[in-house]
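Following: one structure in structure tokens, then a few remarks.
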2 protein chains.
Amino acid sequence: MRRSVRAVVASPLSRGAAPGTGTGTGPALTLNHHLRLRRRPAAWFHSTTATANTAGDRSEAAPSRPDVVTIADIEERRAKAGPLVAMTAAYSDSDMFKAPTTGKPKAKRWNHHLSSESTVREPCVLKQAAKHLKNPGLISLGGGLPCAEYFPFESLSMRVPNPPAFSEAATRTDGIDVRIGKYDVAEAAAEYDLSIALNYGQANGSAQLTRFVTEHTEMICNPPYADWRACLTVGSTAALEQALRMLCERERGDAVLTEEYSFSTALETAAPLGVKVFGVKMDKEGMLPGDLDAVLAGWDVRARGGARKPHVLYTVPSGQNPTGATQGKERRREIYEVARKHDLYIIEDEPYYFLQMEPYYGEGKTKMGKEKKEEEGVDGFLRGLIPSLLSMDVDGRVLRMDSFSKVVVPGSRLGWITASEQMVERFIRHAEVCNQGPSGFSQVILHKLLDETWGHEGYIRWLMYLRAEYTKRRDVILAACEAHLPREVVSWNPPAAGMFHWLKVDHTLHLDAGTRSILEIEEDIFDRCIAKGVLVGRGSWFRAEKDTDPTEMFFRATFAAATPENMTEAIRRFGLAIRESYRMG
Amino acid sequence: MRRSVRAVVASPLSRGAAPGTGTGTGPALTLNHHLRLRRRPAAWFHSTTATANTAGDRSEAAPSRPDVVTIADIEERRAKAGPLVAMTAAYSDSDMFKAPTTGKPKAKRWNHHLSSESTVREPCVLKQAAKHLKNPGLISLGGGLPCAEYFPFESLSMRVPNPPAFSEAATRTDGIDVRIGKYDVAEAAAEYDLSIALNYGQANGSAQLTRFVTEHTEMICNPPYADWRACLTVGSTAALEQALRMLCERERGDAVLTEEYSFSTALETAAPLGVKVFGVKMDKEGMLPGDLDAVLAGWDVRARGGARKPHVLYTVPSGQNPTGATQGKERRREIYEVARKHDLYIIEDEPYYFLQMEPYYGEGKTKMGKEKKEEEGVDGFLRGLIPSLLSMDVDGRVLRMDSFSKVVVPGSRLGWITASEQMVERFIRHAEVCNQGPSGFSQVILHKLLDETWGHEGYIRWLMYLRAEYTKRRDVILAACEAHLPREVVSWNPPAAGMFHWLKVDHTLHLDAGTRSILEIEEDIFDRCIAKGVLVGRGSWFRAEKDTDPTEMFFRATFAAATPENMTEAIRRFGLAIRESYRMG
């Protein structure tokens with residue numbers, strides 16, 4: 001019942017070693033040694049994972065999921081491939097780390113959507129010259145890469161949680177101490193070290209971390225076309241800007257569609273580029289496919305101020321910012337079909353994807369308690385995730401943006417995109433002449449944590465822990481809203497993912513509704529909030545079309561940051577500000 | 001004789017604390033505690049630095065340099081200011097960390113040079129809302145900043161050199177172990193910690209590292225106008241792209257001037273933006289001011305393919321890439337005056353600024369041996385640096401790009417720019433909606449190393465060590481060239497800074513000179529180099545105007561990376577390739 005992939009799994013080395021990887025002369029890590037480095041306590045390998053050696057025995061017991069790549073598949077593939085050898089500035093391509101994609105179609109080509117800026121990009125001549133580095137015995141006086149001898153870091157160490165004991169308290173007493181040496185690779189002690197990570201690298205990121213995110217993406221999304229690729233980014237804000245410059249052009253009058261309330265920073269990214277943004281109506285599941293179709297079908301360039309019919313859709317399917325709305329599986333399918341109908345290219349922004357929660361049943365309670373959720377296991381968690389747009393992307397028309405900001409640390413400035421080879425190649429050409437890829441400190445630290453220390457299963461368990469924690473936080477803010485807000489004017493849908501709670505305040509019931517605009521009433525409430533000591537987001541900040549008048553009034557509250565006690569107090573203050581503005585006595 | 005600044009030195013806090021810094025409730029580090037944290041061994045505080053307490057006593061002994069800010073000045077200013085309190089995502093401005101600029105003129109305004117993209121940029125509404133965070137007792141449900149409780153890093157530690165014992169061997173045995181805790185700030189153990197560095201921050205970088213680079217820039221360049229600012233970047237490649245998008249516009253036919261041979265990645269950054277690049281003739285001191293003036297005075301839009309008379313100059317004054325040329329002080333003054341005459345805005349790219357070397361006197365020898373250089377002391381080193389364009393920038397028409405890539409580690413993806421307030425503000429508005437500033441891992445690690453552990457003096461001593469090391473490497477490659485290259489066809493100038501050696505090969509003496517083009521002969525030599533096992537850069541890769549035919553032939557060799565033995569062998573192979581191509585028997 002398991003997919004046939006396992007029998008023909010490819011070695012990254014057999015697919016052609018990266019230039020400059022020093023294959024043949026590199027350190028020959030043994031598999032045992034490699035596994036020892038992972039430091040995983042055997043005790044928590046119980047429900048769904050097996051080592052490569054025992055995967056075969058376990059496969060009958062696992063549920064049958066023919067389209068799914070499991071952790072066991074990846075472990076087995078790695079075992080067959082042997083250690084990864086990728087030295088300083090080694091070229092790599094995520095395709096080296098994928099299962100064979102036999103039988104899948106190739107992505108469509110998007111030349112007609114590319115901007116002229118993106119179309120004319122050429123590879124960096126100096127990075128191209130690196131291909132000669134694979135010649136045995138060659139001495140390079142080519143690139144201006146400093147010598148690692150002059151890197152003033154002998155080692156880095158870090159204390160991190162020991163799965164599944166993820167809490168701060170447990171980490172303080174029983175965390176794992178992980179050391180990153182300068183020359184671990186030369187000393188055959190690891191696959192990545194400071195001498196490599198802290199030198200220049202390729203703009204698409206290191207082979208070491210690319211392998212991890214490629215396998216992770218395969219496990220989570222398994223795109224249904226052959227030539228998909230992953231590439232590291234310096235975070236999704238940067239990735240969005242790069243994507244917009246790749247797809248849109250001021251002179252062409254290009255426009256982008258998004259949810260009618262959208263992430264303000266995304267709107268602010270598009271505006272200076274001369275890219276006009278238009279909103280699509282939403283309900284509690286986010287963007288309405290019917291309205292998306294209607295907007296496109298009835299597009300009138302003149303009525304839209306000269307904007308060309310949009311060919312790009314920007315959407316946040318899970319825990320949308322600011323509304324907290326989450327598109328269900330059917331909703332996503334419908335949106336994808338409308339995109340196919342109108343030849344839309346989709347930018348799928350999914351920072352909150354893994355913060356999908358169980359339904360809320362009132363009075364601070366979710367359907368499942370934390371204990372039950374931990375029992376569901378890794379497989380259950382993964383099965384429960386709403387499929388991504390990328391996972392249904394038969395055309396290769398989705399550029400998915402993932403980020404470690406919300407699920408590891410924002411300060412890593414590290415994420416990745418997944419899209420067709422054509423689009424990822426164009427994206428990398430831009431990265432080479434702007435950010436040059438993420439910080440090497442961030443890359444080696446995340447590699448050590450996620451790959452070498454936790455492994456895929458440990459990381460998934462971390463995500464399960466996080467989503468349980470955010471669920472508790474959501475339940476706190478919802479209980480506070482039930483207790484402290486005047487339900488006659490404030491209404492909401494319980495968020496099903498993410499970090500944001502979206503509160504509708506009925507402006508028609510305000511005593512000044514006839515004399516003051518919605519924006520004025522919103523400002524009045526906001527000012528009263530500040531005076532009472534609570535900061536919330538004004539709904540108008542997030543409107544896709546700011547040059548039109550709002551017809552409704554909202555506020556955004558995050559349940560990510562404040563302590564439960566402060567969150568409850570903050571909502572109480574928000575309720576007081578509303579009552580005061582509405583003169584509810 | 002010392003500047004009067006010290007008497008009226010400003011406290012960063014007295015100039016208005018950063019919003020959200022929690023002033024008043026923050027940890028009250030004592031100065032003693034702060035100094036203890038620096039861990040500086042007292043023994044190497046000898047020649048030019050004093051602690052704040054003794055600075056007054058030392059001032060008479062120091063040489064009189066009225067325009068110079070010294071380490072002692074900075075130490076004293078910090079002591080008066082007290083500990084820096086800057087919490088998560090705290091707003092900061094480099095102006096907080098500068099000496100008063102009384103009597104200096106303000107920079108000119110550059111509105112007429114800005115692109116429309118840059119002109120219309122507005123601040124991020126969510127980052128603006130952070131101003132409310134300074135209200136005492138306010139609870140924020142505003143920004144979607146994750147809670148540090150969910151950062152899976154309890155601590156980071158690193159082993160770094162103990163100045164002045166900078167070598168790898170000394171660091172292994174006697175390095176300093178530095179620990180960065182998650183909540184060091186709350187525990188009053190440091191000014192920066194993981195809970196702050198790993199969360200979202202401001203796009204201009206953390207207050208902690210901004211303070212260091214601002215002070216460092218003041219010490220090195222001390223710009224002669226009042227409203228200069230520094231701002232962290234994700235490296236100079238990214239900074240250059242941001243600067244070009246800020247200053248140039250495809251639709252305006254904008255063009256940039258640079259050295260006739262220029263950094264290929266810079267050329268590749270400009271090209272897709274539709275910015276045309278034109279070259280200025282050079283000699284061994286780099287760009288020729290006379291040619292710069294002539295090119296501008298005789299600009300003919302039609303002859304230049306529709307390009308507008310350039311308003312931007314991009315130059316690498318020290319150890320220029322690829323030619324290794326270094327502009328002397330007078331050369332820089334002349335270039336600056338031409339820029340004033342033609343209203344050019346200057347992008348000064350200085351990654352190799354601190355790798356300025358003593359003159360080379362043949363047979364692998366420099367004027368000063370390493371020992372003598374160490375004796376010169378910090379003051380001597382600083383006095384010996386050629387003044388930067390920024391240091392003579394009375395108009396505020398220079399945007400200087402500094403980088404830690406060549407002098408600390410490239411993998412930090414961290415640098416900074418210095419320019420007038422207007423330009424830095426426009427730059428930050430862009431950074432907010434693209435890279436969002438450098439990695440927090442990079443920032444906190446560099447802060448701990450450069451500021452808390454080494455301090456300004458330790459860092460300058462590190463730079464002195466590096467330049468001595470690179471001088472030795474330069475001397476090796478020059479001796480190898482003298483020994484192994486056929487002087488009848490290969491000629492060069494000893495580089496006076498940087499990492500690159502530029503070799504002119506006289507194509508007119510090639511036996512095929514009449515029948516094959518320069519590019520064909522260059523390719524022939526390059527291919528023979530690869531066959532013999534040496535990679536060098538082809539001069540044609542670096543030509544600013546690639547659509548014209550070259551009239552000379554060059555190769556670029558770096559002395560940064562290979563071991564001395566390999567470098568010598570590589571030059572020997574290069575010599576063989578030349579002889580073979582030239583059929584010199």
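Letters for chains follow the order of the structure tokens (A, B, ...), residue numbers begin at 1 for each chain, and ligand numbers begin at 1 in the order shown.
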Strand (DSSP E) per DSSP on the backbone: members of region 257-485 of chain A, as number ranges by chain: A: 257-259, 276-280, 282-283, 286-287, 312-315, 345-349, 398-403, 415-420
With the cut-off set at 10 Å and counting only C-alpha atoms, tabulate each residue of region 388-468 of chain B with an atom at most that distance from an atom of region 326-337 of chain B, showing the nearest atom pair and its distance in Å to one decimal, ordered by chain and increasing number, as CSV.
residue,atom,partner,partner_atom,distance
B:Ser388,CA,B:Arg332,CA,7.7
B:Leu389,CA,B:Arg332,CA,6.3
B:Leu390,CA,B:Tyr336,CA,9.6
B:Met392,CA,B:Arg333,CA,7.4
B:Asp393,CA,B:Tyr336,CA,7.8
B:Val394,CA,B:Tyr336,CA,9.8
B:Arg397,CA,B:Tyr336,CA,9.2
B:Val398,CA,B:Tyr336,CA,9.2
Restricting it to N, CA and C atoms, dump the selection as a JSON list (two decimals), in the first residue's frame.
[["chain", "number", "residue", "atom", "x", "y", "z"],
["B", 388, "SER", "N", 37.57, 58.88, 4.16],
["B", 388, "SER", "CA", 36.47, 58.44, 3.30],
["B", 388, "SER", "C", 35.80, 59.62, 2.61],
["B", 389, "LEU", "N", 35.09, 59.34, 1.54],
["B", 389, "LEU", "CA", 34.28, 60.38, 0.90],
["B", 389, "LEU", "C", 33.28, 60.96, 1.90],
["B", 390, "LEU", "N", 32.73, 60.08, 2.73],
["B", 390, "LEU", "CA", 31.77, 60.54, 3.73],
["B", 390, "LEU", "C", 32.39, 61.59, 4.65],
["B", 392, "MET", "N", 34.39, 63.86, 3.94],
["B", 392, "MET", "CA", 34.53, 65.18, 3.31],
["B", 392, "MET", "C", 33.20, 65.68, 2.74],
["B", 393, "ASP", "N", 32.10, 65.03, 3.17],
["B", 393, "ASP", "CA", 30.80, 65.24, 2.54],
["B", 393, "ASP", "C", 30.03, 66.39, 3.17],
["B", 394, "VAL", "N", 30.41, 67.60, 2.82],
["B", 394, "VAL", "CA", 29.74, 68.77, 3.41],
["B", 394, "VAL", "C", 28.29, 68.92, 2.95],
["B", 397, "ARG", "N", 25.84, 64.36, 0.32],
["B", 397, "ARG", "CA", 25.51, 63.75, -0.97],
["B", 397, "ARG", "C", 26.12, 62.35, -1.11],
["B", 398, "VAL", "N", 26.62, 61.82, 0.00],
["B", 398, "VAL", "CA", 27.23, 60.49, -0.02],
["B", 398, "VAL", "C", 26.37, 59.51, 0.76]]
DSSP alpha helix (DSSP H) residues within region 150-356 of chain B, as a PyMOL selection string: chain B and resi 168-174+194-197+207-220+236-247+264-270+289-297+329-341
Of the listed residues A:Gly364, A:Gly142, A:Pro494, A:Gly384, that which approaches chain B most closely, counting only C-alpha atoms: A:Gly142
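Residues surrounding Arg473 (chain B) within 8 Å are Glu469, Tyr470, Val476, Ile477, Phe559, Ala560 and Pro564 of chain B [only C-alpha atoms; sequence separation below 3 positions excluded].
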Region 421-433 of chain A environment, 6 Å, only C-alpha atoms, sequence neighbours closer than 5 positions dropped, as a list in words: Pro123, Ala203, Asn204, Asp227, Trp228 and Arg229 of chain A; Thr269 of chain B
Counting only C-alpha atoms, the option among A:Ile525, A:Met219, A:Ile346, A:Ala577 closest to Ala243 (chain A): A:Ile346
Pick from B:Val489, B:Ile445, B:Leu257, B:Ala107 nearest to Ser157 (chain B), counting only C-alpha atoms: B:Ile445
Long-range neighbours of Arg413 (chain A) as a PyMOL selection string, 9 Å cut-off, only C-alpha atoms, 4 positions minimum in chain: (chain A and resi 233-236+403-405+409+438-439+442) or (chain B and resi 200+435-441)
Include N, CA, C and O atoms and write out the residues we just selected as a CSV table (one decimal), in the first residue's frame.
chain,number,residue,atom,x,y,z
A,233,THR,N,14.3,32.0,1.8
A,233,THR,CA,14.0,33.4,1.7
A,233,THR,C,14.5,34.1,3.0
A,233,THR,O,14.7,33.4,4.0
A,234,VAL,N,14.5,35.4,3.0
A,234,VAL,CA,14.8,36.1,4.2
A,234,VAL,C,13.5,36.5,4.9
A,234,VAL,O,13.5,37.5,5.7
A,235,GLY,N,12.5,35.7,4.7
A,235,GLY,CA,11.2,36.0,5.3
A,235,GLY,C,10.1,36.3,4.3
A,235,GLY,O,10.5,36.7,3.2
A,236,SER,N,8.9,36.2,4.7
A,236,SER,CA,7.8,36.3,3.7
A,236,SER,C,7.5,37.7,3.2
A,236,SER,O,7.0,37.9,2.1
A,403,SER,N,7.2,30.4,6.4
A,403,SER,CA,8.1,31.3,7.3
A,403,SER,C,8.3,30.6,8.6
A,403,SER,O,7.4,29.9,9.2
A,404,PHE,N,9.5,30.8,9.2
A,404,PHE,CA,9.8,30.3,10.5
A,404,PHE,C,9.4,31.4,11.6
A,404,PHE,O,9.6,31.1,12.8
A,405,SER,N,8.9,32.5,11.1
A,405,SER,CA,8.7,33.7,12.0
A,405,SER,C,7.7,33.3,13.1
A,405,SER,O,7.9,33.7,14.3
A,409,VAL,N,11.3,31.4,15.3
A,409,VAL,CA,11.5,32.8,15.8
A,409,VAL,C,11.5,33.8,14.6
A,409,VAL,O,12.1,33.5,13.6
A,438,PRO,N,19.4,34.1,3.2
A,438,PRO,CA,19.3,34.3,4.6
A,438,PRO,C,20.7,34.3,5.3
A,438,PRO,O,21.7,33.7,4.8
A,439,SER,N,20.7,34.9,6.5
A,439,SER,CA,21.9,34.9,7.4
A,439,SER,C,22.4,33.5,7.6
A,439,SER,O,21.6,32.5,7.9
A,442,SER,N,21.5,32.3,11.1
A,442,SER,CA,20.2,31.7,11.1
A,442,SER,C,20.1,30.3,10.5
A,442,SER,O,19.5,29.4,11.1
B,200,TYR,N,10.4,40.1,16.4
B,200,TYR,CA,10.4,41.1,15.3
B,200,TYR,C,11.1,42.3,15.9
B,200,TYR,O,11.1,42.6,17.1
B,435,ASN,N,13.2,43.4,3.3
B,435,ASN,CA,14.0,42.5,4.2
B,435,ASN,C,13.7,42.6,5.7
B,435,ASN,O,14.0,41.8,6.5
B,436,GLN,N,13.1,43.8,6.1
B,436,GLN,CA,12.8,44.0,7.5
B,436,GLN,C,14.0,44.1,8.4
B,436,GLN,O,13.9,43.8,9.6
B,437,GLY,N,15.2,44.3,7.8
B,437,GLY,CA,16.4,44.4,8.6
B,437,GLY,C,17.1,43.1,8.8
B,437,GLY,O,16.5,42.1,8.4
B,438,PRO,N,18.2,43.1,9.4
B,438,PRO,CA,19.1,41.9,9.5
B,438,PRO,C,18.5,40.9,10.5
B,438,PRO,O,17.8,41.2,11.4
B,439,SER,N,19.0,39.7,10.3
B,439,SER,CA,18.7,38.6,11.2
B,439,SER,C,19.0,39.0,12.7
B,439,SER,O,20.0,39.6,13.0
B,440,GLY,N,18.1,38.6,13.6
B,440,GLY,CA,18.3,38.9,15.0
B,440,GLY,C,19.5,38.0,15.6
B,440,GLY,O,20.2,38.5,16.5
B,441,PHE,N,19.6,36.8,15.0
B,441,PHE,CA,20.8,36.0,15.5
B,441,PHE,C,22.1,36.8,15.1
B,441,PHE,O,23.0,36.9,16.0
Gap from CA of Ser195 (chain B) to CA of Lys406 (chain A) - Å, one decimal: 14.0 Å
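The spacing separating CA of Lys127 (chain B) from CA of Gly415 (chain B) amounts to 22.3 Å.
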Near-Phe263 (chain A) list (8 Å; only C-alpha atoms; drop same-chain fewer than 6 positions) as a PyMOL selection string: chain A and resi 321-322+542
Within 8 Å of Glu545 (chain A) using only C-alpha atoms, minus same-chain residues under 4 positions, as a VMD selection string: chain A and resid 260 277 to 279
